Amino acid sequence: METVCKIVDSNVNSQINYTQAVDILNAGEVVAFPTETVYGLGAVATNDTAVKKIFKAKGRPSDNPLIVHIGTKEEVELYIEHISEVAKKCMDLFWPGPLTLVMPAKPNVLADSVTAGLSTVGIRMPDHPVALDLLQQLKKPLAAPSANRSGKPSPTEAIHVQDDLGGYIPYILDGGSTGIGLESTVLDVTHEPPVILRPGGITKEMLEAKIGQVLQPSKIEQKLEATPKAPGMKYTHYAPNAPVLLIECDLEKVHEAVHQLQKQGHKVALLAPASFVDSKADFYFSVGEAGSKEEMGATLYHALRACDKTPATIILATTTSTEGVGAAIMNRLEKAAGGKWYTP
């Protein structure tokens, strides 16, 4: 299959590209498009045959539910059985934006493959002009996980989608680099108090300031879920080719780790703040200024993917605190590393 990639911006030719994307989606195919978090791989969420093409292209397990993207808040009632008061408040405060709300799905409306056999579905309204233009012109919901091969780092640029899915999908809308760089926060509002199933750009602190108590289960508690209610809960994700080891963000400890790993014959790639540039690693990728979690979140996947362009045999990634968006960053890092830390 040939994969066509078209740039969409403010020029008049962009409308032709949107029209082509809408036609492809209406024909039961998949299209990759940018959101404010990462690039998504979309199929019409009411077409089960189309949605199954997402799983095939990504190599994604079928028990991993998909998030549904909509272009207007008014569409929620078409797909959700009951919209709670807390859900309405979250929509008013955080939509469009990187917050997915898990709510009870209306029976027999969305494709079975979207919900993975659950009675709930995650739904969000993205805050990106290309995503919103596409959804509003399509006038249908899009089931859309990240547009990468399953288990690999999520794509934050169209070239990342091309690298992973070129030849597997027909069409990519190129809207430039995404902003936040980490997938949306997933909040289950079927519980009281609501539960964060996946941390993201909308933090626990931000939610609690507006809607009161919010629970964020531990990694152990999440693992007890037999069937994941949200993407990213069950399987290893975000992993580059070389194994990843986590390490405390301490220059002296990083220097020593790089030295020891090189003595063992490794070519070491380091993901660390800008101040670690002289670490003596074989390959170094900055994740922004030390302490800037927003910058780290925006650059993390790009840096993990950059490691795949090198002959590195091991990747050291410095950690951050779990305050604010740090919870989302550490969630992704721990999954990329499979929970492994560097030990001398």
# chains A, B, ... in the order shown; residues from 1 in each chain; ligands from 1
>>> residues_around(residues="Ala312 (chain A)", least_positions_apart="3", cutoff="10 Å", atoms="only C-alpha atoms", output="list in words")
Asn241, Ala242, Pro243, His266, Lys267, Val268, Ala269, Leu270, Ala281, Asp282, Phe283, Cys307, Asp308, Lys309 and Ile315 of chain A
>>> select_by_dssp(residues="region 65-224 of chain A", states="strand (DSSP E)", output="list in words")
Ile67, Val68, His69, Leu99, Thr100, Leu101, Val102, Met103, Pro104, Thr120, Val121, Gly122, Ile123, Arg124, Leu142, Ala143, Tyr171, Ile172, Leu173, Asp174, Thr185, Val186, Leu187, Asp188, Val195, Ile196, Leu197 and Arg198 of chain A
>>> atom_distance(atom1="CA of Ser184 (chain A)", atom2="CA of Gly201 (chain A)")
6.2 Å
>>> residues_around(residues="Asp23 (chain A)", least_positions_apart="3", cutoff="12 Å", atoms="only C-alpha atoms", output="PyMOL selection string")
chain A and resi 16-20+26-31+43-44+134+137-139+170-171
